[in-house]
Amino acid sequence: MKSRALVIFFTGVLVATFVVAGVCQALAAERVRPVKIGVIRGFTGAVAAIGAELSRGVDWVLSENGYEIAGRPIIVIEEDEGETPEKAVAKAKKLVEQDKVDVILGPLLAHSTMAVQGYLKMKGVPQLAFGPSDEPVSKHAFWSYATGRGGAYPGGQWAYDVLGARKATFIYTDYLFSHQLRDGFKAGFEARGGTVVADIPVPWPETDMAPYLVKIKNTDVLVPFLVPAAATFVQQYREFGVKVPVLFMAALMYEEPLLKALGDAALGMYGTTWYSAEIDTPENKRFVAAFKNKYGYYPAMGTIQGYWPARMYVEALKATRGNADPKKITDALLAIKSIDTPAGTLSYTSGRTAVQDIYILQVVKKDRYAWKVLKKYSGIMPR
Amino acid sequence: MQETTLHVLNGISYGMILFLIASGLALILGVMGILNLAHGSLYLFGSYIGLTFTGYMSNFWLVAILSGITVGLVGLVLERVFLSRLHGQFNEQALLTLGLVYISANLFLWVWGPWTKTGTPPSWLAASIHIGEFSFPLYRFAVIVIGLIMFAGLWWFQEKTRAGAIVRAGMDDKQMTMGLGINYRLVSSAVFFLGTFVGGFTGFIATPWLGAEPNMGFRILLLAVIAVILGGLGTIQGTLLGAIMIGLISSFSKAFIPQFASFIPYLAFLIILLVRPYGLLGRKQP
């Protein structure tokens, strides 16, 4: 009698142990389930070069954290954004529906960013884009920039205050981002009292700048933003003997490899953007040294564009202790007061764009062709 | 007035580059009736391989000729191995050559990277001439001269040589030409080589101007096709005229109505074809 009861008791304990162990294991597996990050960046087309840098920026942040946050491993899946919104959205669908990613980092191009946002809003997946665009409408979308307009505004002010320009001419590749930059620069310039005398849109694939350069006259400053024509613009500007000073409303295309290829042709040109390897802060000096040591070249604006969204997401994931639920992540992102990055400080507004620092730069030749920092505008707000 | 002069010069020089690109295509399309959609990619290959050659030799013209020869050889392989099997089958030719466009774009991206590369003209042509308050690069004048020399050469070939006569005869009536005992296959391959040579040569000499970027092949092809058809198939004079017209229309529309400049050349093309369906100087094919 007694031994039978004992057998039942011990069997019960054994079964209970297995059940509890099984449940614990399931719970543990759930907690150690990796966080999947979908990255949409350029592999082909005019933005392929920046695409590689974006990837590197993301990798830098994740490597600093050992590809693990709060005990959860991080897996990155990359897809090509191409040059058109259709391609970017197709890739977003694949990442969300097939790969079941927890977040999308990217894309870069402003028009593709808006298109992908529309899709991700339906699905409720968080998105942190690599480039600026119009204000996000999805409550889970964050742009780590003071919008294209906000970022270009200080340039307009600087052109008036420091360059002494009273008349400006815009020349730009005709797409969404250029319009945003132009509107911001124009607002800053006109607020000081300047006037815009000419506005020259150039179709996206056009690389021959000759017909446009010939039209430039009666202006104090030339304000370009060109994508496929970035290289030929500088070369032909010199060939056609244009003397008007150049202030790129975003210096983004002119990373150091392109400056090197252009040689003396780009010397002295001004530009405005969010980063230069020459920024003189202890944080940046450390970053540049470590980066150069690891990869053999100086970090680029594109690297920072990859760095920012990755860094903000990692900070949010740490705050939620590894919980990748979209609502929790969004709340965590909004709760970040401000972070220090090699490019300066960054924080998100309630509208989910960012407050950041903008620099006015000039191409100089030191041990290499680089962007020297002339002035910093802190705490630039979105517009 | 100076501005108009500059626009005209820009238009003519741009038209000349188009003529150089289009003449290769005109030979192949007009002579052999082969639709080679990869012609723009062959041009681009000439740009890239030429830029690579400049790392090893400094003579600009030597590099240009070498680029032409390299691309010509590639063209020859393309014709012998692939296109000769698809005689008369336009759909298949289009598909094959279009596939090559995609393959080559990604190949260029892989080998030469995504950054746009620009070439530099030979130093004695790197100066600029002053026209009023502007400068006009001497190199663009040089391209006009090269275009005219090329035109003269091709016209002489077309009109004054036996080979040219064979080619013209073959265009009009291939069976008869072959029936007269002429080795038309040899002539076809030679013409294809010549056409792609010109494409590759032009690819290199256009690098200081248009740059080289992996995705531009198809756009170049489109402009060349328009120039060829606008001018009329069958004559090199037609191609020159078509190219210059497109060049001038592009130049002026970009200068005065930039928002519409991308499609004005196509619009002009449409209108002219409505009035003259065989092109400006085209002959009606029997």
# chains A, B, ... in the order shown; residues from 1 in each chain; ligands from 1
>>> interface_residues(of="chain B", to="chain A", cutoff="10 Å", atoms="only C-alpha atoms", output="mmCIF file with C-alpha atoms, in the first residue's frame")
data_model
loop_
_atom_site.group_PDB
_atom_site.id
_atom_site.type_symbol
_atom_site.label_atom_id
_atom_site.label_comp_id
_atom_site.auth_asym_id
_atom_site.auth_seq_id
_atom_site.Cartn_x
_atom_site.Cartn_y
_atom_site.Cartn_z
ATOM 1 C CA GLN B 2 26.723 84.809 -76.521
ATOM 2 C CA GLU B 3 24.343 82.594 -74.662
ATOM 3 C CA THR B 4 22.690 81.461 -77.874
ATOM 4 C CA LEU B 6 26.951 78.629 -76.426
ATOM 5 C CA HIS B 7 23.682 76.738 -76.668
ATOM 6 C CA VAL B 8 24.293 76.109 -80.360
ATOM 7 C CA LEU B 9 27.845 74.937 -79.679
ATOM 8 C CA ASN B 10 26.637 72.700 -76.876
ATOM 9 C CA GLY B 11 23.929 71.318 -79.120
ATOM 10 C CA TYR B 14 26.424 66.894 -77.991
ATOM 11 C CA ALA B 105 25.206 46.750 -65.958
ATOM 12 C CA ASN B 106 25.764 44.508 -62.965
ATOM 13 C CA LEU B 109 28.982 47.672 -61.035
ATOM 14 C CA TRP B 110 30.883 44.669 -59.700
ATOM 15 C CA GLY B 113 32.112 50.077 -58.600
ATOM 16 C CA PRO B 114 29.094 52.362 -58.339
ATOM 17 C CA TRP B 115 30.811 55.779 -58.285
ATOM 18 C CA THR B 116 30.536 57.712 -61.551
ATOM 19 C CA LYS B 117 33.944 57.884 -63.189
ATOM 20 C CA THR B 118 35.005 60.775 -65.352
ATOM 21 C CA GLY B 119 37.872 60.831 -67.810
ATOM 22 C CA THR B 120 40.254 63.664 -68.538
ATOM 23 C CA ALA B 126 42.143 70.571 -71.675
ATOM 24 C CA ALA B 127 41.990 74.346 -72.035
ATOM 25 C CA SER B 128 38.895 76.446 -72.543
ATOM 26 C CA ILE B 129 38.208 79.125 -75.114
ATOM 27 C CA HIS B 130 36.655 82.361 -73.956
ATOM 28 C CA ILE B 131 33.319 83.265 -75.422
ATOM 29 C CA GLU B 133 32.058 85.820 -70.005
ATOM 30 C CA PHE B 134 32.014 82.056 -70.450
ATOM 31 C CA SER B 135 34.590 79.498 -71.394
ATOM 32 C CA PHE B 136 33.911 76.665 -73.788
ATOM 33 C CA PRO B 137 36.073 73.579 -73.394
ATOM 34 C CA LEU B 138 38.408 73.088 -76.333
ATOM 35 C CA TYR B 139 37.777 69.392 -76.010
ATOM 36 C CA THR B 207 34.278 59.973 -70.682
ATOM 37 C CA PRO B 208 35.451 63.538 -69.937
ATOM 38 C CA TRP B 209 31.975 64.632 -70.931
ATOM 39 C CA LEU B 210 29.317 62.149 -69.964
ATOM 40 C CA GLY B 211 31.227 60.126 -67.401
ATOM 41 C CA ALA B 212 30.783 56.392 -66.918
ATOM 42 C CA GLU B 213 28.126 55.049 -64.584
ATOM 43 C CA PRO B 214 26.926 51.411 -64.579
ATOM 44 C CA ASN B 215 23.302 52.188 -65.459
ATOM 45 C CA MET B 216 23.702 54.670 -68.280
ATOM 46 C CA ARG B 219 19.762 55.665 -71.875
ATOM 47 C CA SER B 250 18.098 68.772 -76.249
ATOM 48 C CA SER B 251 20.444 71.647 -75.641
ATOM 49 C CA PHE B 252 17.876 74.371 -76.149
ATOM 50 C CA SER B 253 15.070 72.636 -74.285
ATOM 51 C CA LYS B 254 17.322 71.967 -71.283
ATOM 52 C CA ALA B 255 18.339 75.590 -71.244
ATOM 53 C CA PHE B 256 14.886 77.127 -71.588
ATOM 54 C CA ILE B 257 12.322 74.594 -70.363
ATOM 55 C CA PRO B 258 14.300 72.262 -68.099
ATOM 56 C CA GLN B 259 11.237 70.686 -66.514
ATOM 57 C CA PHE B 260 10.142 69.305 -69.889
ATOM 58 C CA ALA B 261 13.544 68.752 -71.408
ATOM 59 C CA SER B 262 13.540 65.003 -70.769
#
>>> select_by_dssp(residues="stretch 28-252 of chain B", states="strand (DSSP E)", output="count of residues only")
8
>>> atom_distance(atom1="atom CA of B:Leu100", atom2="atom CA of B:His39")
9.8 Å
>>> residues_around(residues="A:Leu120", least_positions_apart="2", cutoff="10 Å", atoms="only C-alpha atoms", output="list in words")
Val89, Ala92, Lys93, Val96, Val103, Ile104, Met114, Ala115, Val116, Gln117, Gly118, Met122, Lys123, Gly124, Val125, Pro126, Gln127, Ser138, His140 and Ala141 of chain A
>>> residues_around(residues="A:Gly188", least_positions_apart="2", cutoff="7 Å", atoms="only C-alpha atoms", output="number ranges by chain")
A: 153-154, 156-157, 184-186, 190-192
>>> residues_around(residues="A:Phe177", least_positions_apart="4", cutoff="7 Å", atoms="only C-alpha atoms", output="PyMOL selection string")
chain A and resi 110+133+148+181
>>> write_last_selection(atoms="N, CA and C atoms", output="PDB file, in the first residue's frame")
ATOM      1  N   ALA A 110      14.462  59.603 -50.371  1.00  0.00           N
ATOM      2  CA  ALA A 110      13.290  60.207 -49.738  1.00  0.00           C
ATOM      3  C   ALA A 110      11.977  59.659 -50.272  1.00  0.00           C
ATOM      4  N   SER A 133      13.274  62.867 -45.051  1.00  0.00           N
ATOM      5  CA  SER A 133      12.140  62.895 -45.966  1.00  0.00           C
ATOM      6  C   SER A 133      11.091  63.822 -45.362  1.00  0.00           C
ATOM      7  N   GLY A 148      14.594  67.182 -44.568  1.00  0.00           N
ATOM      8  CA  GLY A 148      15.447  67.810 -45.588  1.00  0.00           C
ATOM      9  C   GLY A 148      15.385  69.319 -45.454  1.00  0.00           C
ATOM     10  N   LEU A 181      15.280  70.094 -49.747  1.00  0.00           N
ATOM     11  CA  LEU A 181      16.480  70.870 -49.442  1.00  0.00           C
ATOM     12  C   LEU A 181      16.313  72.306 -49.915  1.00  0.00           C
TER      13      LEU A 181
END
>>> residues_around(residues="B:Gly231", least_positions_apart="4", cutoff="8 Å", atoms="only C-alpha atoms", output="list of chain:residue names")
B:Ala227, B:Gln237, B:Gly238, B:Thr239, B:Leu240, B:Leu241, B:Gly242, B:Ala243, B:Gly279, B:Leu280, B:Leu281, B:Gly282
>>> residues_around(residues="stretch 23-35 of chain B", least_positions_apart="5", cutoff="8 Å", atoms="only C-alpha atoms", output="PyMOL selection string")
chain B and resi 83+87-88+90+93-94+167-168+170-171+188+191-192+194-199+224-225+228+233-234+236+239-240
>>> atom_distance(atom1="atom CA of B:Ile220", atom2="atom CA of B:Leu44")
8.8 Å
>>> atom_distance(atom1="atom CA of A:Gly351", atom2="atom CA of A:Glu135")
7.3 Å
>>> closest_residue(among="A:Leu259, A:Leu226, A:Leu62, A:Ile358", to="A:Thr273", atoms="only C-alpha atoms")
A:Ile358
